[in-house]
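Enquirer: So I've got this file, model.tsv, and it contains TSV, C-alpha atoms and all ligand atoms:
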chain	number	residue	atom	x	y	z
A	1	MET	CA	-164.67	85.15	-37.09
A	2	THR	CA	-167.40	82.77	-36.05
A	3	SER	CA	-166.77	79.49	-37.85
A	4	SER	CA	-169.51	77.78	-39.81
A	5	PHE	CA	-169.69	74.94	-37.32
A	6	GLU	CA	-169.90	77.44	-34.45
A	7	MET	CA	-172.95	78.92	-36.19
A	8	LEU	CA	-174.76	75.56	-35.97
A	9	LYS	CA	-174.13	75.57	-32.22
A	10	ILE	CA	-175.30	79.16	-31.85
A	11	ARG	CA	-178.51	78.43	-33.78
A	12	ASN	CA	-179.14	75.49	-31.45
A	13	ALA	CA	-177.74	77.06	-28.28
A	14	GLY	CA	-180.49	75.79	-25.95
A	15	GLU	CA	-180.28	72.21	-27.22
A	16	TRP	CA	-176.49	72.26	-27.11
A	17	GLN	CA	-176.40	73.47	-23.51
A	18	ALA	CA	-179.03	70.92	-22.41
A	19	TYR	CA	-176.86	68.19	-23.94
A	20	ARG	CA	-173.47	69.40	-22.68
A	21	GLU	CA	-174.64	70.25	-19.18
A	22	HIS	CA	-177.09	67.39	-18.71
A	23	ASP	CA	-177.55	66.04	-15.17
A	24	PHE	CA	-175.92	62.75	-16.24
A	25	VAL	CA	-172.82	64.69	-17.34
A	26	CYS	CA	-172.65	66.81	-14.19
A	27	ARG	CA	-173.00	63.77	-11.97
A	28	LEU	CA	-170.24	61.99	-13.91
A	29	GLY	CA	-167.99	64.96	-13.18
A	30	ALA	CA	-168.99	65.19	-9.53
A	31	GLY	CA	-168.62	61.41	-9.15
A	32	THR	CA	-172.20	61.13	-7.86
A	33	LEU	CA	-173.75	59.23	-10.77
A	34	PRO	CA	-175.18	55.90	-9.57
A	35	GLU	CA	-173.01	53.08	-10.90
A	36	GLU	CA	-176.10	51.27	-12.13
A	37	ALA	CA	-176.90	54.26	-14.39
A	38	PHE	CA	-173.38	54.26	-15.79
A	39	ARG	CA	-173.45	50.52	-16.43
A	40	HIS	CA	-176.76	50.86	-18.27
A	41	TYR	CA	-175.31	53.70	-20.31
A	42	LEU	CA	-172.14	51.70	-21.15
A	43	LYS	CA	-174.16	48.78	-22.47
A	44	GLN	CA	-176.34	50.99	-24.64
A	45	ASP	CA	-173.30	52.91	-25.81
A	46	TYR	CA	-171.80	49.69	-27.14
A	47	LEU	CA	-174.88	49.27	-29.34
A	48	PHE	CA	-174.61	52.92	-30.30
A	49	LEU	CA	-170.95	52.55	-31.31
A	50	VAL	CA	-171.72	49.56	-33.55
A	51	GLN	CA	-174.30	51.65	-35.43
A	52	PHE	CA	-171.90	54.59	-35.40
A	53	ALA	CA	-169.34	52.40	-37.19
A	54	ARG	CA	-172.00	51.51	-39.77
A	55	ALA	CA	-172.71	55.21	-40.25
A	56	TRP	CA	-169.03	55.74	-41.15
A	57	GLY	CA	-169.33	52.82	-43.58
A	58	LEU	CA	-172.20	54.79	-45.12
A	59	ALA	CA	-169.96	57.88	-45.25
A	60	VAL	CA	-167.50	55.85	-47.34
A	61	TYR	CA	-170.33	54.89	-49.68
A	62	LYS	CA	-171.58	58.49	-49.92
A	63	SER	CA	-168.13	59.79	-50.83
A	64	ARG	CA	-167.74	61.65	-54.10
A	65	ASP	CA	-164.07	60.90	-54.69
A	66	LEU	CA	-161.17	58.82	-53.45
A	67	ASP	CA	-160.01	61.49	-50.98
A	68	GLU	CA	-163.37	61.37	-49.24
A	69	ILE	CA	-163.29	57.56	-49.28
A	70	ARG	CA	-159.88	57.65	-47.58
A	71	GLN	CA	-161.13	60.06	-44.94
A	72	GLY	CA	-164.25	57.99	-44.23
A	73	LEU	CA	-162.10	54.88	-44.01
A	74	GLU	CA	-159.79	56.57	-41.47
A	75	SER	CA	-162.76	57.46	-39.28
A	76	LEU	CA	-164.22	53.97	-39.63
A	77	LYS	CA	-160.89	52.46	-38.60
A	78	ALA	CA	-160.61	54.86	-35.64
A	79	ILE	CA	-164.07	53.81	-34.39
A	80	VAL	CA	-163.62	50.08	-34.88
A	81	GLU	CA	-160.00	49.72	-33.83
A	82	VAL	CA	-159.63	52.45	-31.22
A	83	GLU	CA	-162.91	53.69	-29.75
A	84	ILE	CA	-164.82	50.37	-29.71
A	85	GLY	CA	-161.66	48.63	-28.44
A	86	LEU	CA	-161.38	51.13	-25.58
A	87	HIS	CA	-165.07	50.82	-24.87
A	88	VAL	CA	-165.02	47.01	-24.69
A	89	GLY	CA	-161.97	47.17	-22.38
A	90	TYR	CA	-163.70	49.78	-20.29
A	91	CYS	CA	-166.89	47.68	-20.03
A	92	ALA	CA	-164.76	44.71	-18.87
A	93	GLU	CA	-163.41	46.87	-16.04
A	94	TRP	CA	-167.01	47.54	-15.08
A	95	SER	CA	-167.67	43.78	-15.05
A	96	ILE	CA	-169.56	43.72	-18.35
A	97	PRO	CA	-167.96	41.07	-20.59
A	98	GLU	CA	-168.07	41.56	-24.38
A	99	LYS	CA	-170.26	38.48	-24.81
A	100	ALA	CA	-172.94	40.06	-22.64
A	101	LEU	CA	-172.84	43.27	-24.70
A	102	ALA	CA	-173.99	41.68	-27.92
A	103	ASP	CA	-177.19	40.35	-26.26
A	104	VAL	CA	-178.35	43.66	-24.81
A	105	PRO	CA	-181.70	44.81	-26.28
A	106	PRO	CA	-181.50	48.38	-27.60
A	107	SER	CA	-183.36	51.03	-25.59
A	108	PRO	CA	-185.90	53.27	-27.35
A	109	ALA	CA	-183.49	56.23	-27.00
A	110	THR	CA	-180.66	54.25	-28.61
A	111	LEU	CA	-182.85	53.17	-31.52
A	112	ALA	CA	-184.26	56.68	-31.98
A	113	TYR	CA	-180.79	58.16	-32.22
A	114	THR	CA	-179.06	55.57	-34.39
A	115	ASP	CA	-182.08	55.27	-36.72
A	116	TYR	CA	-182.11	59.04	-37.15
A	117	VAL	CA	-178.41	59.25	-38.04
A	118	LEU	CA	-178.54	56.35	-40.50
A	119	GLU	CA	-181.79	57.55	-42.06
A	120	THR	CA	-180.42	61.08	-42.49
A	121	GLY	CA	-177.30	59.71	-44.14
A	122	LEU	CA	-179.23	57.36	-46.41
A	123	HIS	CA	-181.56	60.07	-47.68
A	124	GLY	CA	-179.09	62.91	-47.70
A	125	ASP	CA	-175.57	63.56	-48.87
A	126	LEU	CA	-172.24	63.33	-47.07
A	127	THR	CA	-172.66	66.76	-45.44
A	128	ASP	CA	-176.05	65.80	-43.98
A	129	LEU	CA	-174.49	62.67	-42.53
A	130	HIS	CA	-171.52	64.53	-41.02
A	131	VAL	CA	-173.84	67.11	-39.45
A	132	ALA	CA	-175.98	64.32	-37.95
A	133	LEU	CA	-172.78	62.80	-36.51
A	134	ALA	CA	-171.29	66.11	-35.30
A	135	PRO	CA	-173.01	66.20	-31.87
A	136	CYS	CA	-171.51	62.77	-31.10
A	137	ILE	CA	-167.95	63.33	-32.21
A	138	ILE	CA	-167.56	66.98	-31.34
A	139	GLY	CA	-169.97	66.99	-28.38
A	140	TYR	CA	-168.15	64.33	-26.37
A	141	GLY	CA	-164.83	66.13	-26.86
A	142	GLU	CA	-166.36	69.40	-25.70
A	143	ILE	CA	-168.15	67.77	-22.75
A	144	ALA	CA	-164.92	66.20	-21.46
A	145	LEU	CA	-163.07	69.55	-21.58
A	146	TRP	CA	-166.05	71.40	-20.11
A	147	LEU	CA	-166.17	68.96	-17.19
A	148	GLN	CA	-162.46	69.34	-16.55
A	149	ALA	CA	-162.99	73.10	-16.17
A	150	GLN	CA	-165.88	72.84	-13.67
A	151	PRO	CA	-165.37	73.65	-9.97
A	152	PHE	CA	-167.52	70.64	-9.04
A	153	LEU	CA	-165.20	68.20	-10.85
A	154	LYS	CA	-164.01	65.46	-8.54
A	155	THR	CA	-160.80	63.75	-9.61
A	156	ASP	CA	-159.67	61.79	-6.55
A	157	GLY	CA	-161.66	58.63	-6.16
A	158	ASN	CA	-164.09	59.48	-8.96
A	159	PRO	CA	-164.93	56.19	-10.73
A	160	TYR	CA	-165.64	58.13	-13.95
A	161	THR	CA	-162.28	59.90	-14.29
A	162	ALA	CA	-160.94	57.42	-16.88
A	163	TRP	CA	-164.02	58.01	-19.05
A	164	ILE	CA	-163.56	61.81	-18.91
A	165	GLU	CA	-159.84	61.48	-19.65
A	166	MET	CA	-160.49	59.25	-22.66
A	167	TYR	CA	-162.53	61.98	-24.38
A	168	ALA	CA	-160.22	64.77	-23.18
A	169	SER	CA	-157.14	62.94	-24.54
A	170	PRO	CA	-155.01	64.58	-27.25
A	171	ASP	CA	-155.90	61.77	-29.69
A	172	TYR	CA	-159.63	62.27	-29.30
A	173	GLN	CA	-159.28	66.07	-29.35
A	174	ALA	CA	-157.35	65.82	-32.63
A	175	LEU	CA	-160.27	63.85	-34.12
A	176	VAL	CA	-162.66	66.58	-32.94
A	177	ARG	CA	-160.55	69.33	-34.53
A	178	SER	CA	-160.32	67.56	-37.86
A	179	GLU	CA	-164.11	67.05	-37.89
A	180	ILE	CA	-164.70	70.76	-37.13
A	181	GLU	CA	-162.30	71.70	-39.94
A	182	TRP	CA	-164.08	69.36	-42.37
A	183	LEU	CA	-167.46	70.88	-41.46
A	184	ASP	CA	-166.16	74.44	-41.69
A	185	ARG	CA	-164.85	73.81	-45.20
A	186	ARG	CA	-168.10	72.20	-46.33
A	187	LEU	CA	-170.49	74.65	-44.73
A	188	ALA	CA	-168.62	77.76	-45.94
A	189	SER	CA	-169.85	77.28	-49.53
A	190	LEU	CA	-173.53	76.73	-48.68
A	191	ASP	CA	-176.38	79.24	-48.86
A	192	GLU	CA	-178.83	80.11	-46.10
A	193	THR	CA	-181.47	77.60	-47.24
A	194	ALA	CA	-179.00	74.72	-47.05
A	195	ILE	CA	-177.56	75.91	-43.72
A	196	SER	CA	-181.01	76.25	-42.21
A	197	CYS	CA	-181.82	72.66	-43.20
A	198	LEU	CA	-178.51	71.42	-41.73
A	199	SER	CA	-179.17	73.40	-38.57
A	200	GLY	CA	-182.42	71.43	-38.20
A	201	ILE	CA	-180.49	68.14	-38.50
A	202	PHE	CA	-177.92	69.34	-35.98
A	203	GLY	CA	-180.60	70.41	-33.48
A	204	LYS	CA	-182.46	67.11	-33.75
A	205	ALA	CA	-179.30	65.01	-33.33
A	206	THR	CA	-178.31	67.15	-30.32
A	207	ARG	CA	-181.72	66.56	-28.68
A	208	LEU	CA	-181.34	62.82	-29.29
A	209	GLU	CA	-177.93	62.91	-27.57
A	210	ALA	CA	-179.53	64.58	-24.51
A	211	ASP	CA	-182.23	61.87	-24.56
A	212	PHE	CA	-179.42	59.30	-24.55
A	213	TRP	CA	-178.06	60.74	-21.29
A	214	GLN	CA	-181.58	60.77	-19.85
A	215	MET	CA	-181.96	57.08	-20.78
A	216	GLY	CA	-178.88	56.40	-18.67
A	217	LEU	CA	-180.35	58.20	-15.67
A	218	ASP	CA	-183.82	56.67	-16.00
A	219	LEU	CA	-182.51	53.13	-16.71
A	220	THR	CA	-185.01	53.00	-19.59
B	1	LIG	C1	-174.16	58.34	-27.55
B	1	LIG	C2	-172.73	58.64	-27.86
B	1	LIG	N1	-172.42	59.79	-28.50
B	1	LIG	C3	-171.16	60.06	-28.82
B	1	LIG	C4	-170.13	59.22	-28.48
B	1	LIG	C5	-168.70	59.56	-28.80
B	1	LIG	O1	-168.25	58.77	-29.80
B	1	LIG	C6	-170.48	58.02	-27.83
B	1	LIG	N2	-169.54	57.12	-27.47
B	1	LIG	N3	-171.77	57.77	-27.52
I need this file expressed as structure tokens, please.
Ligand SMILES: Cc1ncc(CO)c(N)n1
Expert:
Amino acid sequence: MTSSFEMLKIRNAGEWQAYREHDFVCRLGAGTLPEEAFRHYLKQDYLFLVQFARAWGLAVYKSRDLDEIRQGLESLKAIVEVEIGLHVGYCAEWSIPEKALADVPPSPATLAYTDYVLETGLHGDLTDLHVALAPCIIGYGEIALWLQAQPFLKTDGNPYTAWIEMYASPDYQALVRSEIEWLDRRLASLDETAISCLSGIFGKATRLEADFWQMGLDLT
């Protein structure tokens, strides 16, 4: 059976493919992405992750009961203690110290994306917020596995292998699965009007993710 989350992807198939198979992604896999583009992306992604953590804080606030609060708190802790920690360490390896990260001005694509997610969560309910966040959490997990299955993947001497392996790791993949399960449970009880509205949120967030890759390539 096609899961409810899978339906969101099918309804936004073009957007999803443009995001997953973006030139930035393919060049990461092939090891041909200019290092300057990756460095620019890493700096902007730090700003993104800070706002992403705030979005999970909002998910805690939007919770209807203690179970949802606990779940939001787990995700918030995972972002702050694991993902941002890994990211800061990773930036240091690319000669970007943490102090320099805080002073980076946000790019238009970063602002457009983080504003959209936070705005959607503020106006909507917890499901709207999760759907706006789904392309980030689930997308990166899928992109890492997709890259690992491509014939053009370069592993030896590819400076981006550690990045791909981080998102392909069992820990990250477990996070992806639990998010898909959460969405499937939530979406299963909704009618077509609600699903169609959520599909719009999903499509928009997916386009903004593709724009984020493009920002990396264009150094904008
Ligand atoms: C822009 C963006 N989307 C998703 C992720 C995965 O958390 C990330 N680090 N950055």
Enquirer: Could you give me, as an mmCIF file with C-alpha atoms, keeping the file's coordinate frame, the residues within 9 Å of Thr127 in chain A, counting all atoms listed in the file and dropping anything in the same chain fewer than 5 positions from it?
Expert:
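Just written: out.cif:
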data_model
loop_
_atom_site.group_PDB
_atom_site.id
_atom_site.type_symbol
_atom_site.label_atom_id
_atom_site.label_comp_id
_atom_site.auth_asym_id
_atom_site.auth_seq_id
_atom_site.Cartn_x
_atom_site.Cartn_y
_atom_site.Cartn_z
ATOM 1 C CA GLY A 121 -177.300 59.710 -44.140
ATOM 2 C CA ALA A 132 -175.980 64.320 -37.950
ATOM 3 C CA LEU A 183 -167.460 70.880 -41.460
ATOM 4 C CA ARG A 186 -168.100 72.200 -46.330
ATOM 5 C CA LEU A 187 -170.490 74.650 -44.730
ATOM 6 C CA LEU A 198 -178.510 71.420 -41.730
#
Enquirer: Using all atoms listed in the file, which of A:Leu111, A:Ile10, A:Leu42, A:Ala194 sits nearest Ala92 in chain A?
Expert: A:Leu42
Enquirer: Kindly work out which residues sit at most 6 Å from ligand LIG 1 (chain B), using all atoms listed in the file, and give the list as a PyMOL selection string.
Expert: chain A and resi 45+136-137+140+209
Enquirer: Give the answer as one residue: which of A:Asn12, A:Ser199, A:Ser75, A:Thr155 has the shortest atom-to-atom distance to Val131 in chain A, using only C-alpha atoms?
Expert: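 Going through A:Asn12, A:Ser199, A:Ser75, A:Thr155 one by one, the smallest distance to Val131 in chain A is for A:Ser199.
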Enquirer: Name the residues, using the chain letters and numbers of the file, that sit within 7 Å of (-167.7, 50.3, -34.3) when counting all atoms listed in the file, and give them as a list in words.
Expert: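 Here the neighbourhood of the point contains Leu49, Val50, Gln51, Phe52, Ala53, Ile79, Val80 and Ile84 of chain A.
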Enquirer: Using all atoms listed in the file, which protein or nucleic acid residues come within 12 Å of Gln214 in chain A? Drop anything in the same chain fewer than 6 positions from it, and give the result as a tab-separated table (two decimals) with C-alpha atoms, in the frame of the given file.
Expert:
chain	number	residue	atom	x	y	z
A	18	ALA	CA	-179.03	70.92	-22.41
A	19	TYR	CA	-176.86	68.19	-23.94
A	21	GLU	CA	-174.64	70.25	-19.18
A	22	HIS	CA	-177.09	67.39	-18.71
A	23	ASP	CA	-177.55	66.04	-15.17
A	24	PHE	CA	-175.92	62.75	-16.24
A	25	VAL	CA	-172.82	64.69	-17.34
A	37	ALA	CA	-176.90	54.26	-14.39
A	38	PHE	CA	-173.38	54.26	-15.79
A	40	HIS	CA	-176.76	50.86	-18.27
A	41	TYR	CA	-175.31	53.70	-20.31
A	107	SER	CA	-183.36	51.03	-25.59
A	108	PRO	CA	-185.90	53.27	-27.35
A	109	ALA	CA	-183.49	56.23	-27.00
A	110	THR	CA	-180.66	54.25	-28.61
A	207	ARG	CA	-181.72	66.56	-28.68
A	208	LEU	CA	-181.34	62.82	-29.29
A	220	THR	CA	-185.01	53.00	-19.59
Enquirer: Find the residue from A:Glu119, A:Asp128, A:Glu83, A:Ile138 that sits nearest to Ser178 in chain A; use only C-alpha atoms when measuring.
Expert: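 Closest residue, counting only C-alpha atoms: A:Ile138.
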Enquirer: Ranking A:Asp218, A:Glu74, A:Glu81, A:Glu165 by minimum distance to Pro34 in chain A and counting only C-alpha atoms, which one comes first?
Expert: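 For Pro34 in chain A, the nearest of the given residues is A:Asp218.
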Enquirer: Figure out the distance between CA of Ile164 in chain A and CA of Leu147 in chain A, please, to one decimal in Å.
Expert: 7.8 Å
